[in-house]
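Student: My structure file upload10.cif, mmCIF, C-alpha atoms, is below:
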```cif
data_structure
loop_
_atom_site.group_PDB
_atom_site.id
_atom_site.type_symbol
_atom_site.label_atom_id
_atom_site.label_comp_id
_atom_site.auth_asym_id
_atom_site.auth_seq_id
_atom_site.Cartn_x
_atom_site.Cartn_y
_atom_site.Cartn_z
ATOM 1 C CA MET R 378 51.935 88.152 95.330
ATOM 2 C CA SER R 379 54.444 85.605 96.678
ATOM 3 C CA GLY R 380 56.725 86.342 99.616
ATOM 4 C CA ALA R 381 59.765 86.694 97.323
ATOM 5 C CA GLU R 382 57.905 89.113 95.042
ATOM 6 C CA ARG R 383 56.739 91.157 98.044
ATOM 7 C CA ARG R 384 60.323 91.379 99.397
ATOM 8 C CA GLU R 385 61.597 92.398 95.971
ATOM 9 C CA HIS R 386 58.882 95.056 95.788
ATOM 10 C CA GLU R 387 59.749 96.367 99.260
ATOM 11 C CA ARG R 388 63.449 96.436 98.330
ATOM 12 C CA LYS R 389 62.829 98.875 95.499
ATOM 13 C CA LYS R 390 62.701 102.632 96.028
ATOM 14 C CA VAL R 391 58.950 103.334 96.298
ATOM 15 C CA LEU R 392 57.630 106.654 94.976
ATOM 16 C CA LYS R 393 54.296 108.134 95.957
ATOM 17 C CA VAL R 394 51.909 109.170 93.148
ATOM 18 C CA GLU R 395 48.706 111.013 94.079
ATOM 19 C CA VAL R 396 45.723 111.014 91.687
ATOM 20 C CA ARG R 397 43.123 113.515 92.934
ATOM 21 C CA VAL R 398 39.854 114.104 91.010
ATOM 22 C CA ALA R 399 37.262 116.669 92.106
ATOM 23 C CA SER R 400 34.117 114.749 90.972
ATOM 24 C CA THR R 401 32.969 111.371 89.686
ATOM 25 C CA GLU R 402 32.049 113.024 86.378
ATOM 26 C CA ALA R 403 35.599 114.348 85.974
ATOM 27 C CA PHE R 404 36.965 110.956 86.965
ATOM 28 C CA ARG R 405 34.637 109.285 84.428
ATOM 29 C CA ALA R 406 35.828 111.648 81.692
ATOM 30 C CA SER R 407 39.540 111.485 82.481
ATOM 31 C CA TYR R 408 40.417 108.221 84.213
ATOM 32 C CA LEU R 409 37.587 105.679 84.048
ATOM 33 C CA ARG R 410 38.662 104.251 80.703
ATOM 34 C CA ASP R 411 42.232 103.842 82.026
ATOM 35 C CA LEU R 412 41.326 102.119 85.321
ATOM 36 C CA SER R 413 40.733 98.443 86.055
ATOM 37 C CA LEU R 414 41.194 96.065 88.948
ATOM 38 C CA GLY R 415 44.628 95.241 87.584
ATOM 39 C CA GLY R 416 46.122 98.645 86.847
ATOM 40 C CA LEU R 417 45.883 102.373 86.035
ATOM 41 C CA PHE R 418 47.290 104.771 83.447
ATOM 42 C CA VAL R 419 48.672 107.954 85.056
ATOM 43 C CA ARG R 420 49.013 111.075 82.916
ATOM 44 C CA SER R 421 52.378 112.813 83.365
ATOM 45 C CA LYS R 422 54.719 115.003 81.325
ATOM 46 C CA LYS R 423 57.660 113.274 83.014
ATOM 47 C CA PRO R 424 56.917 109.553 83.283
ATOM 48 C CA LEU R 425 58.692 107.339 85.752
ATOM 49 C CA PRO R 426 61.197 104.758 84.457
ATOM 50 C CA LEU R 427 60.019 101.230 83.762
ATOM 51 C CA GLY R 428 60.153 98.987 86.824
ATOM 52 C CA THR R 429 59.747 101.856 89.304
ATOM 53 C CA ALA R 430 57.786 100.820 92.401
ATOM 54 C CA VAL R 431 54.975 103.279 93.205
ATOM 55 C CA VAL R 432 52.131 103.815 95.643
ATOM 56 C CA ILE R 433 49.033 105.254 93.936
ATOM 57 C CA GLU R 434 46.721 107.285 96.183
ATOM 58 C CA LEU R 435 43.412 107.498 94.323
ATOM 59 C CA LEU R 436 41.230 110.340 95.674
ATOM 60 C CA VAL R 437 37.885 110.776 93.878
ATOM 61 C CA ALA R 438 35.492 113.454 95.186
ATOM 62 C CA THR R 439 33.902 112.301 98.453
ATOM 63 C CA LEU R 440 34.583 108.593 97.918
ATOM 64 C CA GLU R 441 36.820 106.606 100.240
ATOM 65 C CA PRO R 442 40.521 107.044 99.274
ATOM 66 C CA VAL R 443 42.259 103.970 97.895
ATOM 67 C CA ARG R 444 45.985 103.202 98.242
ATOM 68 C CA LEU R 445 47.347 100.852 95.557
ATOM 69 C CA HIS R 446 50.854 99.361 95.249
ATOM 70 C CA GLY R 447 52.280 98.670 91.833
ATOM 71 C CA ASP R 448 55.094 98.928 89.302
ATOM 72 C CA VAL R 449 55.536 101.016 86.148
ATOM 73 C CA VAL R 450 55.115 98.584 83.207
ATOM 74 C CA ARG R 451 54.312 100.849 80.233
ATOM 75 C CA LEU R 452 55.284 104.293 78.873
ATOM 76 C CA GLU R 453 53.238 106.196 76.277
ATOM 77 C CA ASN R 454 53.847 109.245 74.097
ATOM 78 C CA ASP R 455 51.339 111.422 72.271
ATOM 79 C CA LYS R 456 51.235 111.908 68.505
ATOM 80 C CA ASP R 457 53.900 114.626 68.761
ATOM 81 C CA GLY R 458 56.270 112.237 70.488
ATOM 82 C CA GLN R 459 55.949 114.001 73.840
ATOM 83 C CA PRO R 460 55.499 111.918 77.011
ATOM 84 C CA ARG R 461 51.843 111.259 77.755
ATOM 85 C CA GLY R 462 52.110 109.182 80.903
ATOM 86 C CA PHE R 463 52.844 105.720 82.256
ATOM 87 C CA GLY R 464 50.898 102.565 83.012
ATOM 88 C CA VAL R 465 50.994 101.001 86.467
ATOM 89 C CA LYS R 466 50.253 97.346 87.133
ATOM 90 C CA PHE R 467 48.862 96.716 90.630
ATOM 91 C CA SER R 468 51.011 94.212 92.474
ATOM 92 C CA ASP R 469 49.064 93.535 95.662
ATOM 93 C CA VAL R 470 45.316 94.209 95.932
ATOM 94 C CA ASP R 471 43.658 92.762 99.037
ATOM 95 C CA ASP R 472 39.887 92.224 99.381
ATOM 96 C CA ALA R 473 39.204 95.560 101.105
ATOM 97 C CA THR R 474 41.190 97.503 98.498
ATOM 98 C CA GLN R 475 39.499 95.602 95.685
ATOM 99 C CA THR R 476 36.052 96.387 97.131
ATOM 100 C CA ALA R 477 36.883 100.107 97.444
ATOM 101 C CA LEU R 478 38.259 100.145 93.905
ATOM 102 C CA LYS R 479 35.090 98.471 92.562
ATOM 103 C CA GLY R 480 33.037 101.113 94.405
ATOM 104 C CA ILE R 481 34.934 103.943 92.692
ATOM 105 C CA ILE R 482 34.502 102.291 89.291
ATOM 106 C CA ALA R 483 30.795 101.672 89.925
ATOM 107 C CA ALA R 484 30.164 105.223 91.132
ATOM 108 C CA ALA R 485 31.915 106.693 88.141
ATOM 109 C CA SER R 486 30.142 104.289 85.726
ATOM 110 C CA ALA R 487 26.562 104.860 87.024
ATOM 111 C CA PRO R 488 24.431 106.623 84.387
ATOM 112 C CA SER R 489 22.984 109.980 85.348
ATOM 113 C CA THR R 490 19.375 111.141 84.744
ATOM 114 C CA PRO R 491 19.180 113.007 81.412
ATOM 115 C CA PRO R 492 18.677 116.666 82.317
ATOM 116 C CA PRO R 493 16.495 119.100 80.400
ATOM 117 C CA GLN R 494 17.993 120.759 77.329
ATOM 118 C CA ALA R 495 18.838 124.036 79.086
ATOM 119 C CA GLU R 496 20.232 122.216 82.062
ATOM 120 C CA ALA R 497 22.105 119.900 79.735
ATOM 121 C CA SER R 498 23.722 122.891 78.015
ATOM 122 C CA ALA R 499 24.664 124.374 81.381
ATOM 123 C CA LEU R 500 26.022 121.042 82.518
ATOM 124 C CA ALA R 501 27.990 120.674 79.269
ATOM 125 C CA ALA R 502 29.511 124.113 79.799
ATOM 126 C CA GLU R 503 30.237 123.257 83.409
ATOM 127 C CA LEU R 504 31.700 119.935 82.315
ATOM 128 C CA ALA R 505 33.913 121.684 79.779
ATOM 129 C CA GLU R 506 35.036 124.097 82.467
ATOM 130 C CA LEU R 507 35.636 121.235 84.828
ATOM 131 C CA ARG R 508 37.617 119.414 82.201
ATOM 132 C CA GLY R 509 39.757 122.506 81.746
ATOM 133 C CA THR R 510 40.181 122.687 85.498
ATOM 134 C CA VAL R 511 41.068 119.009 85.594
ATOM 135 C CA GLU R 512 43.582 119.450 82.806
ATOM 136 C CA ALA R 513 45.115 122.411 84.646
ATOM 137 C CA TYR R 514 45.083 120.399 87.847
ATOM 138 C CA GLU R 515 46.699 117.460 86.093
ATOM 139 C CA GLU R 516 49.376 119.710 84.670
ATOM 140 C CA MET R 517 49.941 121.158 88.142
ATOM 141 C CA MET R 518 50.121 117.642 89.589
ATOM 142 C CA ALA R 519 52.536 116.620 86.838
ATOM 143 C CA ALA R 520 54.705 119.640 87.659
ATOM 144 C CA MET R 521 54.535 118.776 91.339
ATOM 145 C CA HIS R 522 55.423 115.190 90.519
ATOM 146 C CA GLU R 523 58.388 116.399 88.476
ATOM 147 C CA ARG R 524 59.551 118.545 91.384
ATOM 148 C CA GLU R 525 59.033 115.612 93.727
ATOM 149 C CA THR R 526 61.118 113.409 91.438
ATOM 150 C CA GLU R 527 63.825 116.083 91.248
ATOM 151 C CA TYR R 528 63.819 116.419 95.029
ATOM 152 C CA ALA R 529 64.042 112.645 95.382
ATOM 153 C CA GLU R 530 67.007 112.583 92.992
ATOM 154 C CA LYS R 531 68.682 115.425 94.889
ATOM 155 C CA ILE R 532 68.084 113.651 98.191
ATOM 156 C CA GLU R 533 69.565 110.463 96.743
ATOM 157 C CA ALA R 534 72.560 112.424 95.434
ATOM 158 C CA HIS R 535 73.003 114.076 98.858
ATOM 159 C CA ARG R 536 72.847 110.675 100.527
ATOM 160 C CA ALA R 537 75.488 109.310 98.162
ATOM 161 C CA GLU R 538 77.619 112.400 98.744
ATOM 162 C CA ARG R 539 77.223 112.083 102.506
ATOM 163 C CA LYS R 540 78.199 108.411 102.300
ATOM 164 C CA LEU R 541 81.281 109.357 100.288
ATOM 165 C CA LEU R 542 82.143 112.134 102.762
ATOM 166 C CA ASN R 543 81.743 109.698 105.657
ATOM 167 C CA SER R 544 84.090 107.298 103.892
ATOM 168 C CA VAL R 545 86.624 110.071 103.282
ATOM 169 C CA ALA R 546 86.282 111.224 106.899
ATOM 170 C CA ALA R 547 86.929 107.667 108.109
ATOM 171 C CA GLU R 548 90.039 107.454 105.926
ATOM 172 C CA LEU R 549 91.249 110.834 107.213
ATOM 173 C CA GLN R 550 90.650 109.769 110.815
ATOM 174 C CA ALA R 551 92.671 106.591 110.215
ATOM 175 C CA ARG R 552 95.441 108.674 108.636
ATOM 176 C CA VAL R 553 95.397 111.143 111.553
ATOM 177 C CA LYS R 554 95.653 108.245 114.013
ATOM 178 C CA LEU R 555 98.596 106.814 112.074
ATOM 179 C CA LEU R 556 100.330 110.214 112.020
ATOM 180 C CA GLU R 557 99.677 110.636 115.744
ATOM 181 C CA ASN R 558 101.336 107.267 116.421
ATOM 182 C CA GLU R 559 104.298 108.286 114.251
ATOM 183 C CA ARG R 560 104.530 111.622 116.094
ATOM 184 C CA GLN R 561 104.560 109.858 119.467
ATOM 185 C CA SER R 562 107.305 107.517 118.232
ATOM 186 C CA LEU R 563 109.362 110.499 116.999
ATOM 187 C CA ASP R 564 108.828 112.326 120.312
ATOM 188 C CA ALA R 565 110.148 109.279 122.172
ATOM 189 C CA LYS R 566 113.204 109.093 119.886
ATOM 190 C CA ILE R 567 113.869 112.835 120.283
ATOM 191 C CA GLU R 568 113.606 112.548 124.071
ATOM 192 C CA HIS R 569 116.089 109.651 124.025
ATOM 193 C CA LEU R 570 118.494 111.640 121.802
ATOM 194 C CA VAL R 571 118.220 114.693 124.078
ATOM 195 C CA THR R 572 119.070 112.509 127.085
ATOM 196 C CA GLU R 573 122.050 110.984 125.270
ATOM 197 C CA LEU R 574 123.227 114.453 124.168
ATOM 198 C CA ALA R 575 123.062 115.764 127.731
ATOM 199 C CA LYS R 576 125.011 112.735 128.898
ATOM 200 C CA HIS R 577 127.711 113.258 126.256
ATOM 201 C CA GLN R 578 127.884 116.979 127.030
ATOM 202 C CA SER R 579 128.407 116.178 130.706
ATOM 203 C CA GLU R 580 131.151 113.671 129.843
ATOM 204 C CA ASN R 581 132.810 116.166 127.491
ATOM 205 C CA GLN R 582 132.737 118.850 130.198
ATOM 206 C CA GLN R 583 134.356 116.438 132.653
ATOM 207 C CA ILE R 584 137.051 115.628 130.085
ATOM 208 C CA LYS R 585 137.648 119.349 129.477
ATOM 209 C CA ASP R 586 137.870 120.033 133.216
ATOM 210 C CA THR R 587 140.294 117.133 133.701
ATOM 211 C CA SER R 588 142.424 118.242 130.720
ATOM 212 C CA HIS R 589 142.567 121.796 132.056
ATOM 213 C CA ARG R 590 143.551 120.610 135.515
ATOM 214 C CA LEU R 591 146.251 118.300 134.124
ATOM 215 C CA ALA R 592 147.550 121.102 131.892
ATOM 216 C CA LEU R 593 147.826 123.431 134.887
ATOM 217 C CA GLU R 594 149.581 120.738 136.927
ATOM 218 C CA LEU R 595 151.956 119.978 134.047
ATOM 219 C CA LYS R 596 152.693 123.670 133.549
ATOM 220 C CA SER R 597 153.390 124.091 137.223
ATOM 221 C CA ASN R 598 155.631 121.003 137.366
ATOM 222 C CA LEU R 599 157.521 122.000 134.220
ATOM 223 C CA ALA R 600 157.951 125.538 135.494
ATOM 224 C CA LYS R 601 159.334 124.238 138.797
ATOM 225 C CA GLU R 602 161.610 121.791 137.007
ATOM 226 C CA LEU R 603 162.874 124.441 134.599
ATOM 227 C CA GLU R 604 163.408 126.877 137.463
ATOM 228 C CA ALA R 605 165.335 124.274 139.462
ATOM 229 C CA THR R 606 167.411 123.376 136.414
ATOM 230 C CA SER R 607 168.145 127.054 135.754
ATOM 231 C CA ASP R 608 169.177 127.659 139.360
ATOM 232 C CA ALA R 609 171.455 124.620 139.284
ATOM 233 C CA ALA R 610 173.025 125.777 136.030
ATOM 234 C CA GLU R 611 173.541 129.240 137.433
ATOM 235 C CA GLU R 612 175.270 127.821 140.539
ATOM 236 C CA ARG R 613 177.395 125.560 138.329
ATOM 237 C CA ARG R 614 178.333 128.529 136.157
ATOM 238 C CA LYS R 615 179.345 130.608 139.186
ATOM 239 C CA ALA R 616 181.402 127.728 140.569
ATOM 240 C CA LEU R 617 183.149 127.276 137.233
ATOM 241 C CA GLU R 618 183.848 130.988 137.008
ATOM 242 C CA GLU R 619 185.384 130.894 140.470
ATOM 243 C CA GLU R 620 187.410 127.884 139.517
ATOM 244 C CA ILE R 621 188.543 129.505 136.268
ATOM 245 C CA LYS R 622 189.451 132.635 138.139
ATOM 246 C CA ALA R 623 191.548 130.617 140.575
ATOM 247 C CA LEU R 624 193.168 128.720 137.732
ATOM 248 C CA LYS R 625 193.959 131.935 135.893
ATOM 249 C CA GLN R 626 195.511 133.244 139.013
ATOM 250 C CA GLN R 627 197.488 130.073 139.377
ATOM 251 C CA LEU R 628 198.425 130.264 135.713
ATOM 252 C CA ASP R 629 199.643 133.759 136.092
ATOM 253 C CA ASP R 630 201.612 132.793 139.110
ATOM 254 C CA GLU R 631 203.205 129.604 137.822
ATOM 255 C CA ASN R 632 202.959 130.317 134.065
ATOM 256 C CA SER R 633 202.393 126.613 133.625
ATOM 257 C CA ALA R 634 201.401 125.040 130.375
ATOM 258 C CA ARG R 635 199.423 122.430 132.257
ATOM 259 C CA MET R 636 197.340 125.100 133.908
ATOM 260 C CA ARG R 637 196.587 126.717 130.554
ATOM 261 C CA SER R 638 195.388 123.375 129.227
ATOM 262 C CA GLU R 639 193.127 122.928 132.226
ATOM 263 C CA LEU R 640 191.928 126.476 131.806
ATOM 264 C CA GLN R 641 191.003 125.846 128.209
ATOM 265 C CA GLU R 642 189.189 122.677 129.186
ATOM 266 C CA LEU R 643 187.291 124.502 131.932
ATOM 267 C CA SER R 644 186.440 127.321 129.525
ATOM 268 C CA ALA R 645 184.974 124.762 127.097
ATOM 269 C CA GLN R 646 182.912 123.250 129.885
ATOM 270 C CA LEU R 647 181.751 126.700 130.910
ATOM 271 C CA ASP R 648 180.684 127.470 127.358
ATOM 272 C CA GLU R 649 178.772 124.191 127.197
ATOM 273 C CA GLU R 650 176.996 124.952 130.477
ATOM 274 C CA ARG R 651 176.124 128.407 129.223
ATOM 275 C CA LEU R 652 174.634 126.906 126.040
ATOM 276 C CA LYS R 653 172.550 124.476 128.110
ATOM 277 C CA SER R 654 171.383 127.280 130.386
ATOM 278 C CA MET R 655 170.425 129.414 127.393
ATOM 279 C CA ALA R 656 168.521 126.487 125.816
ATOM 280 C CA LEU R 657 166.617 125.861 129.047
ATOM 281 C CA GLN R 658 165.837 129.556 129.365
ATOM 282 C CA ARG R 659 164.471 129.699 125.781
ATOM 283 C CA ALA R 660 162.371 126.561 126.420
ATOM 284 C CA LEU R 661 160.912 128.121 129.573
ATOM 285 C CA GLU R 662 160.089 131.349 127.724
ATOM 286 C CA ARG R 663 158.459 129.394 124.871
ATOM 287 C CA PHE R 664 156.427 127.335 127.337
ATOM 288 C CA SER R 665 155.250 130.512 129.090
ATOM 289 C CA SER R 666 154.358 132.261 125.812
ATOM 290 C CA MET R 667 152.231 129.249 124.767
ATOM 291 C CA GLY R 668 150.137 129.454 127.921
ATOM 292 C CA GLY R 669 151.534 126.291 129.428
ATOM 293 C CA ILE R 670 150.191 124.031 126.597
ATOM 294 C CA VAL R 671 152.658 121.318 125.621
ATOM 295 C CA LYS R 672 152.386 120.161 121.975
#
```
Before we go any further, please render this structure as structure tokens.

Tutor:
Amino acid sequence: MSGAERREHERKKVLKVEVRVASTEAFRASYLRDLSLGGLFVRSKKPLPLGTAVVIELLVATLEPVRLHGDVVRLENDKDGQPRGFGVKFSDVDDATQTALKGIIAAASAPSTPPPQAEASALAAELAELRGTVEAYEEMMAAMHERETEYAEKIEAHRAERKLLNSVAAELQARVKLLENERQSLDAKIEHLVTELAKHQSENQQIKDTSHRLALELKSNLAKELEATSDAAEERRKALEEEIKALKQQLDDENSARMRSELQELSAQLDEERLKSMALQRALERFSSMGGIVK
């Protein structure tokens, strides 16, 4: 086998096939005609697919076990169309393996001394029993091989599933990392917005405090101004009343038309001052009822 062929053989999934025979006679009856230095036919109810790489462990009675590497090259069915087995072509047989294989073939091919008739009948019965045992053993081995194949398929499916789960886990980890980065970015933005909000709240509170203080100062100033204006109007009214009283007295005394004219003029001025005083008083009351807020 060339180096490239050996690497290709090693690359394939290698399955182990064990062929165990209790005696050389049973091996001669069941396998000798199907064995050569180049290959072996393995009986199985569930043959392996063509091209499958296998390792045949040939165990015959007390002879030295032989391990043979090969590939499935032929599938056979019985007359009913049911699987009968598969043929394996040996791919790499070194000198030691070839010598051991020749020894098994020679031991199984050696003629035995013809026994007496009675002994021959007993041996024939024993051989028939052994053949039945071999057939049962082969069926058991075929069942075990089927289970082994099923287990191998399940293991392969589990490996594929684990590989898929690992891939999904890697994708989820990448997604979690991305979401974590986004969360950190959002946390930073929220912290900045909270800081800005606190700053604006502080500025708004300062504006409210300043507005309240200015409103109080304005209310106080307006109240003082209105009070001063009211006092001045009241003094002016009293002075005008005194002056009117004096003029009336003078009018009564002199009965002068000029004095009546002046009296009328002073009365008009007094009425005007009263109207102004009343307007100022109403403005002060309105300002007080509004809580000192000027609109």

Student: Go through the shown structure with the PyMOL selection byres ((chain R and resi 459-465) around 9) and write out the matching residues as a PyMOL selection string.

Tutor: chain R and resi 411+415-427+431+433+446-458+466-467

Student: Between CA of Gln578 (chain R) and CA of Asn598 (chain R), what is the distance, to one decimal in Å?

Tutor: 29.9 Å

Student: Which one is closest to Ile482 (chain R): R:Leu412, R:Lys566, R:Lys622, R:Thr606? Count all atoms listed in the file.

Tutor: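 Smallest distance to Ile482 (chain R) is found for R:Leu412.
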
Student: With the file shown as input, list the residues that the PyMOL selection byres ((chain R and resi 610) around 12) selects, as a PyMOL selection string.

Tutor: chain R and resi 603-609+611-617+646-658

Student: Selection from above, C-alpha atoms, as an mmCIF file, keeping the file's coordinate frame, can you write it?

Tutor:
```cif
data_model
loop_
_atom_site.group_PDB
_atom_site.id
_atom_site.type_symbol
_atom_site.label_atom_id
_atom_site.label_comp_id
_atom_site.auth_asym_id
_atom_site.auth_seq_id
_atom_site.Cartn_x
_atom_site.Cartn_y
_atom_site.Cartn_z
ATOM 1 C CA LEU R 603 162.874 124.441 134.599
ATOM 2 C CA GLU R 604 163.408 126.877 137.463
ATOM 3 C CA ALA R 605 165.335 124.274 139.462
ATOM 4 C CA THR R 606 167.411 123.376 136.414
ATOM 5 C CA SER R 607 168.145 127.054 135.754
ATOM 6 C CA ASP R 608 169.177 127.659 139.360
ATOM 7 C CA ALA R 609 171.455 124.620 139.284
ATOM 8 C CA GLU R 611 173.541 129.240 137.433
ATOM 9 C CA GLU R 612 175.270 127.821 140.539
ATOM 10 C CA ARG R 613 177.395 125.560 138.329
ATOM 11 C CA ARG R 614 178.333 128.529 136.157
ATOM 12 C CA LYS R 615 179.345 130.608 139.186
ATOM 13 C CA ALA R 616 181.402 127.728 140.569
ATOM 14 C CA LEU R 617 183.149 127.276 137.233
ATOM 15 C CA GLN R 646 182.912 123.250 129.885
ATOM 16 C CA LEU R 647 181.751 126.700 130.910
ATOM 17 C CA ASP R 648 180.684 127.470 127.358
ATOM 18 C CA GLU R 649 178.772 124.191 127.197
ATOM 19 C CA GLU R 650 176.996 124.952 130.477
ATOM 20 C CA ARG R 651 176.124 128.407 129.223
ATOM 21 C CA LEU R 652 174.634 126.906 126.040
ATOM 22 C CA LYS R 653 172.550 124.476 128.110
ATOM 23 C CA SER R 654 171.383 127.280 130.386
ATOM 24 C CA MET R 655 170.425 129.414 127.393
ATOM 25 C CA ALA R 656 168.521 126.487 125.816
ATOM 26 C CA LEU R 657 166.617 125.861 129.047
ATOM 27 C CA GLN R 658 165.837 129.556 129.365
#
```

Student: Just give me the gap between CA of Lys531 (chain R) and CA of Val396 (chain R) in Å, one decimal is fine.

Tutor: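 Rounded to one decimal, the two atoms are 23.6 Å apart.
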
Student: What is the distance between CA of Glu568 (chain R) and CA of Ile584 (chain R), in Å to one decimal?

Tutor: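 Going from CA of Glu568 (chain R) over to CA of Ile584 (chain R) covers 24.4 Å.
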
Student: Save region 509-564 of chain R from what I just supplied, as a compact mmCIF listing (two decimals), in the first residue's frame, atoms limited to C-alpha atoms.

Tutor:
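Saved result, out.txt, follows:
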```txt
# COMPACT_ATOMS: atom_id res chain seq x y z
CA GLY R 509 -25.44 -25.30 15.03
CA THR R 510 -23.47 -23.65 17.81
CA VAL R 511 -21.39 -21.79 15.25
CA GLU R 512 -24.49 -20.65 13.42
CA ALA R 513 -26.01 -19.47 16.70
CA TYR R 514 -22.73 -17.81 17.59
CA GLU R 515 -22.57 -16.15 14.19
CA GLU R 516 -26.11 -14.90 14.58
CA MET R 517 -25.21 -13.58 18.03
CA MET R 518 -22.10 -11.92 16.60
CA ALA R 519 -24.17 -10.44 13.77
CA ALA R 520 -26.63 -9.07 16.33
CA MET R 521 -23.75 -7.68 18.37
CA HIS R 522 -22.28 -6.17 15.23
CA GLU R 523 -25.64 -4.58 14.43
CA ARG R 524 -25.81 -3.12 17.93
CA GLU R 525 -22.22 -1.94 17.59
CA THR R 526 -23.09 -0.26 14.29
CA GLU R 527 -26.17 1.34 15.85
CA TYR R 528 -24.10 2.57 18.79
CA ALA R 529 -21.50 3.95 16.39
CA GLU R 530 -24.23 5.78 14.46
CA LYS R 531 -25.70 7.14 17.70
CA ILE R 532 -22.26 8.27 18.85
CA GLU R 533 -21.70 9.97 15.50
CA ALA R 534 -25.12 11.64 15.75
CA HIS R 535 -24.33 12.77 19.32
CA ARG R 536 -21.01 14.18 18.15
CA ALA R 537 -22.72 16.09 15.35
CA GLU R 538 -25.35 17.33 17.79
CA ARG R 539 -22.69 18.38 20.28
CA LYS R 540 -20.83 20.21 17.51
CA LEU R 541 -24.04 21.99 16.54
CA LEU R 542 -24.76 22.85 20.19
CA ASN R 543 -21.22 24.20 20.58
CA SER R 544 -21.75 26.35 17.50
CA VAL R 545 -25.08 27.62 18.85
CA ALA R 546 -23.49 28.26 22.26
CA ALA R 547 -20.71 30.26 20.60
CA GLU R 548 -23.28 32.33 18.70
CA LEU R 549 -25.26 32.91 21.90
CA GLN R 550 -22.11 33.94 23.77
CA ALA R 551 -21.28 36.43 21.00
CA ARG R 552 -24.84 37.77 21.16
CA VAL R 553 -24.68 38.06 24.96
CA LYS R 554 -21.40 39.96 24.68
CA LEU R 555 -22.94 42.31 22.12
CA LEU R 556 -25.99 42.89 24.35
CA GLU R 557 -23.72 43.49 27.34
CA ASN R 558 -21.83 46.16 25.37
CA GLU R 559 -25.13 47.76 24.35
CA ARG R 560 -26.32 47.68 27.98
CA GLN R 561 -23.12 49.38 29.15
CA SER R 562 -23.55 52.06 26.47
CA LEU R 563 -27.18 52.62 27.54
CA ASP R 564 -26.14 52.80 31.22
```
